[in-house]
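Structure file protein-v7.cif with mmCIF, C-alpha atoms and all ligand atoms:
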```
data_final
loop_
_atom_site.label_atom_id
_atom_site.label_comp_id
_atom_site.auth_asym_id
_atom_site.auth_seq_id
_atom_site.Cartn_x
_atom_site.Cartn_y
_atom_site.Cartn_z
CA MET A 1 97.66 107.92 127.49
CA PRO A 2 93.93 107.54 126.85
CA ASN A 3 92.12 105.79 129.72
CA ARG A 4 90.92 103.13 127.32
CA TRP A 5 94.42 101.59 127.19
CA ARG A 6 95.55 101.83 130.80
CA ARG A 7 94.64 98.29 131.75
CA GLU A 8 96.69 96.80 128.89
CA ILE A 9 99.50 99.31 128.30
CA ALA A 10 101.92 99.92 131.20
CA ASN A 11 103.42 103.13 129.80
CA VAL A 12 104.06 105.13 126.66
CA LEU A 13 107.62 104.42 125.51
CA ILE A 14 107.64 106.78 122.51
CA SER A 15 104.99 109.45 122.10
CA GLU A 16 103.17 110.32 118.92
CA GLU A 17 105.05 113.65 118.75
CA ARG A 18 108.50 112.05 119.13
CA ILE A 19 107.65 109.50 116.44
CA ALA A 20 106.48 112.23 114.07
CA ARG A 21 109.68 114.27 114.56
CA ARG A 22 111.96 111.28 114.10
CA VAL A 23 110.14 109.98 111.03
CA ARG A 24 110.45 113.39 109.39
CA SER A 25 114.19 113.51 110.01
CA LEU A 26 114.66 109.93 108.76
CA ALA A 27 112.76 110.88 105.59
CA LYS A 28 115.08 113.86 105.04
CA GLU A 29 118.16 111.68 105.44
CA ILE A 30 116.78 109.02 103.07
CA ALA A 31 115.72 111.62 100.48
CA ARG A 32 119.28 112.99 100.48
CA ASP A 33 120.86 109.54 100.13
CA PHE A 34 118.57 108.37 97.30
CA ALA A 35 118.29 111.61 95.29
CA GLY A 36 118.50 110.87 91.57
CA ARG A 37 118.26 107.10 92.09
CA ASP A 38 115.73 104.62 90.75
CA LEU A 39 114.25 103.90 94.17
CA VAL A 40 112.03 100.95 95.05
CA ILE A 41 110.72 100.82 98.60
CA VAL A 42 110.02 97.29 99.77
CA SER A 43 107.97 97.28 102.92
CA LEU A 44 107.31 94.26 105.14
CA LEU A 45 103.70 93.52 106.02
CA ASN A 46 101.91 94.01 108.37
CA GLY A 47 103.81 95.94 111.01
CA THR A 48 105.01 98.80 108.77
CA VAL A 49 101.52 100.08 108.02
CA MET A 50 101.76 103.35 109.99
CA PHE A 51 105.51 103.93 109.75
CA LEU A 52 105.54 103.48 105.99
CA GLY A 53 102.59 105.83 105.47
CA ASP A 54 104.22 108.58 107.50
CA LEU A 55 107.69 108.01 106.06
CA ILE A 56 106.73 108.14 102.39
CA ARG A 57 104.50 111.18 102.74
CA HIS A 58 107.65 113.04 103.80
CA LEU A 59 109.84 111.56 101.08
CA SER A 60 109.70 114.08 98.29
CA LEU A 61 111.37 112.06 95.56
CA PRO A 62 110.09 109.69 92.87
CA LEU A 63 109.79 106.13 94.07
CA ARG A 64 108.00 102.85 93.52
CA LEU A 65 106.44 100.87 96.32
CA ASP A 66 105.96 97.15 96.85
CA PHE A 67 105.39 94.79 99.76
CA ILE A 68 106.60 91.46 101.02
CA GLY A 69 104.33 89.64 103.43
CA VAL A 70 106.28 87.85 106.11
CA SER A 71 105.21 86.71 109.50
CA SER A 72 106.62 84.65 112.32
CA TYR A 73 104.26 81.77 112.75
CA GLY A 74 101.65 81.98 115.50
CA SER A 75 100.68 84.79 117.83
CA ASP A 76 103.17 84.21 120.64
CA THR A 77 106.03 86.49 121.62
CA LYS A 78 108.84 84.20 120.47
CA SER A 79 110.11 84.42 116.91
CA GLY A 80 109.24 81.05 115.42
CA ALA A 81 109.26 79.79 111.84
CA LEU A 82 108.76 82.40 109.13
CA ILE A 83 106.07 82.21 106.50
CA PHE A 84 105.86 84.39 103.40
CA THR A 85 102.31 85.58 102.79
CA LYS A 86 103.00 87.90 99.82
CA GLU A 87 105.84 87.86 97.32
CA LEU A 88 107.51 90.88 95.71
CA ARG A 89 106.00 91.85 92.33
CA LEU A 90 108.23 94.71 91.15
CA ASP A 91 111.47 94.09 89.30
CA VAL A 92 114.30 95.41 91.48
CA ARG A 93 117.21 94.43 89.22
CA GLY A 94 119.71 97.28 88.96
CA ARG A 95 117.57 99.48 91.21
CA ASP A 96 118.16 100.97 94.64
CA VAL A 97 116.06 99.20 97.25
CA LEU A 98 115.06 100.62 100.59
CA LEU A 99 113.77 97.79 102.76
CA VAL A 100 111.44 99.06 105.48
CA ASP A 101 110.45 97.20 108.63
CA ASP A 102 108.93 98.25 111.91
CA ILE A 103 111.31 96.49 114.29
CA LEU A 104 114.67 94.74 114.13
CA ASP A 105 114.54 92.24 116.96
CA THR A 106 116.33 88.86 116.65
CA GLY A 107 117.20 89.74 113.03
CA LYS A 108 115.72 86.51 111.62
CA THR A 109 113.13 88.27 109.48
CA LEU A 110 115.59 90.69 107.93
CA THR A 111 118.11 87.93 107.26
CA LYS A 112 115.52 85.79 105.43
CA VAL A 113 114.18 88.71 103.41
CA LEU A 114 117.67 89.84 102.38
CA GLU A 115 118.42 86.27 101.24
CA LYS A 116 115.39 86.57 98.99
CA LEU A 117 116.21 90.04 97.66
CA ARG A 118 119.94 89.73 96.94
CA PRO A 119 119.59 87.15 94.13
CA LEU A 120 117.24 89.60 92.36
CA ARG A 121 120.37 91.74 91.78
CA PRO A 122 119.33 95.20 92.96
CA ARG A 123 122.07 97.85 92.66
CA ARG A 124 122.07 98.22 96.43
CA ILE A 125 119.85 97.47 99.41
CA LYS A 126 119.57 99.78 102.40
CA VAL A 127 117.53 98.87 105.45
CA CYS A 128 115.33 101.23 107.44
CA VAL A 129 113.65 100.23 110.70
CA LEU A 130 111.66 102.33 113.12
CA LEU A 131 112.81 100.40 116.18
CA GLU A 132 115.84 98.34 117.05
CA LYS A 133 116.21 96.01 120.06
CA LYS A 134 119.90 95.23 120.15
CA ALA A 135 119.59 92.92 123.19
CA ARG A 136 117.85 90.07 121.36
CA ARG A 137 119.89 89.85 118.15
CA THR A 138 120.73 86.27 117.12
CA ALA A 139 121.08 86.68 113.34
CA PRO A 140 123.76 88.94 111.82
CA ALA A 141 121.39 91.62 110.51
CA ARG A 142 121.90 95.38 110.64
CA ALA A 143 119.96 98.45 109.62
CA ASP A 144 121.26 101.58 107.88
CA TYR A 145 118.54 103.87 109.24
CA VAL A 146 117.14 103.37 112.74
CA GLY A 147 114.40 105.50 114.26
CA PHE A 148 114.87 104.52 117.91
CA GLN A 149 116.95 102.08 119.93
CA ILE A 150 114.66 100.50 122.50
CA PRO A 151 115.11 98.26 125.57
CA ASP A 152 114.02 94.62 125.60
CA LYS A 153 110.36 95.28 126.45
CA PHE A 154 107.26 93.99 124.70
CA VAL A 155 106.18 97.01 122.67
CA VAL A 156 103.00 97.54 120.70
CA GLY A 157 101.33 100.33 118.77
CA TYR A 158 102.06 102.44 115.69
CA GLY A 159 101.76 99.27 113.59
CA LEU A 160 103.24 96.78 116.06
CA ASP A 161 100.91 94.12 117.39
CA PHE A 162 100.36 91.48 119.97
CA ALA A 163 98.15 88.73 118.50
CA GLU A 164 97.14 91.22 115.76
CA ARG A 165 95.85 93.78 118.27
CA TYR A 166 97.13 97.27 119.24
CA ARG A 167 98.41 98.19 115.76
CA ASN A 168 96.17 101.27 115.79
CA LEU A 169 97.71 102.95 118.86
CA PRO A 170 99.24 106.26 117.68
CA PHE A 171 102.18 105.82 120.13
CA ILE A 172 104.60 103.01 121.02
CA GLY A 173 103.60 101.53 124.36
CA VAL A 174 104.86 98.80 126.66
CA LEU A 175 102.39 95.93 126.95
CA ARG A 176 101.61 94.78 130.50
CA PRO A 177 103.15 91.31 131.06
CA GLU A 178 99.83 89.90 132.29
CA ILE A 179 98.43 90.43 128.78
CA TYR A 180 101.00 88.22 127.04
CA GLU A 181 102.04 85.86 129.83
CA GLY A 182 100.56 82.41 129.53
CA THR A 183 100.18 82.64 125.73
C1 LIG B 201 107.67 91.32 113.50
C2 LIG B 201 108.17 92.66 112.97
C3 LIG B 201 109.42 92.30 112.21
C4 LIG B 201 109.91 91.06 112.90
C5 LIG B 201 111.12 91.38 113.71
O1 LIG B 201 106.91 90.73 112.52
O2 LIG B 201 107.22 93.25 112.12
O3 LIG B 201 109.19 92.04 110.86
O4 LIG B 201 108.86 90.58 113.74
O5 LIG B 201 111.53 90.26 114.43
P1 LIG B 201 112.89 89.49 114.20
O6 LIG B 201 113.97 90.52 114.02
O7 LIG B 201 113.02 88.73 115.49
O8 LIG B 201 112.73 88.60 113.02
P2 LIG B 201 105.73 89.68 112.79
O9 LIG B 201 106.20 88.34 112.36
O10 LIG B 201 105.22 89.81 114.19
O11 LIG B 201 104.65 90.13 111.72
P3 LIG B 201 103.85 91.51 111.59
O12 LIG B 201 104.76 92.49 110.89
O13 LIG B 201 102.69 91.15 110.76
O14 LIG B 201 103.49 91.97 112.99
#
```
Starting from the file, give its structure as structure tokens.
Ligand code: PRP
Amino acid sequence: MPNRWRREIANVLISEERIARRVRSLAKEIARDFAGRDLVIVSLLNGTVMFLGDLIRHLSLPLRLDFIGVSSYGSDTKSGALIFTKELRLDVRGRDVLLVDDILDTGKTLTKVLEKLRPLRPRRIKVCVLLEKKARRTAPARADYVGFQIPDKFVVGYGLDFAERYRNLPFIGVLRPEIYEGT
């Protein structure tokens, strides 16, 4: 890990190379499952920024892309109330939707977003997340494609933030507790 991050990041949980390999294999699987379909990718802002970019560059099939902005309120580590900051613009009726998020944690975000998407009558909705933390699930949400199962640690990097920082790390790292404690 670069020296710059040592005081804030305890360790690298998933390296840049492992992420790259896994994202390529997820893309292959998704391309197979959606071949010949009218695919709309709906990506959740802001955490998917890196994952989405890498995933779609390896998806060699026609697709449309749109975003939903959703954020748990505040900068703390607990999932609080959800606010929608950007609504879907594309028509998904009768289409195959791949919903992309960076992490499936309590499941509240996914549950709310699926409640919004289902009434728009897509043909089917599949969910793809880079990371899944099974330990903290409180809402009955599940993903069809999961990059990595991870332990219940505060992770940042590769799009994931703490108080909007660390999204630019090329790896997934574990944040030192002293950074987020007391927030
Ligand atoms: C994070 C993450 C997921 C969600 C997962 O979003 O990007 O969307 O929390 O948590 P849950 O399963 O407990 O709902 P956040 O609200 O931090 O916004 P961000 O994507 O802008 O970082």
*asked:* Neighbouring residues of ligand LIG 201 (chain B) are defined here as those with any atom at most 10 Å from a ligand atom, counting all atoms listed in the file; list them as number ranges by chain.
replied: A: 43-49, 69-85, 100-113, 129, 131-134, 136-139, 141-142, 156, 159-165, 167
*Between atom CA of Asp38 of chain A and atom CA of Lys116 of chain A, what is the distance, to one decimal in Å?*
19.8 Å
Near-Val92 of chain A list (8 Å; only C-alpha atoms; drop same-chain fewer than 2 positions) as a compact mmCIF listing (two decimals) with C-alpha atoms, in the coordinates of the input:
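Written out: result-v2.txt:
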```txt
# COMPACT_ATOMS: atom_id res chain seq x y z
CA VAL A 40 112.03 100.95 95.05
CA LEU A 90 108.23 94.71 91.15
CA GLY A 94 119.71 97.28 88.96
CA ARG A 95 117.57 99.48 91.21
CA ASP A 96 118.16 100.97 94.64
CA VAL A 97 116.06 99.20 97.25
CA LEU A 120 117.24 89.60 92.36
CA ARG A 121 120.37 91.74 91.78
CA PRO A 122 119.33 95.20 92.96
```
*For each of A:Asp144, A:Glu87, A:Glu8, A:Asp66, take the minimum atom-to-atom distance to Leu39 of chain A, counting only C-alpha atoms, then give the residue where this is smallest.*
A:Asp66
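Note that the spacing between atom CA of Arg93 of chain A and atom CA of Pro62 of chain A amounts to 17.2 Å.
The interatomic distance for the pair atom CA of Ile14 of chain A and atom CA of Ala143 of chain A works out to 19.7 Å.
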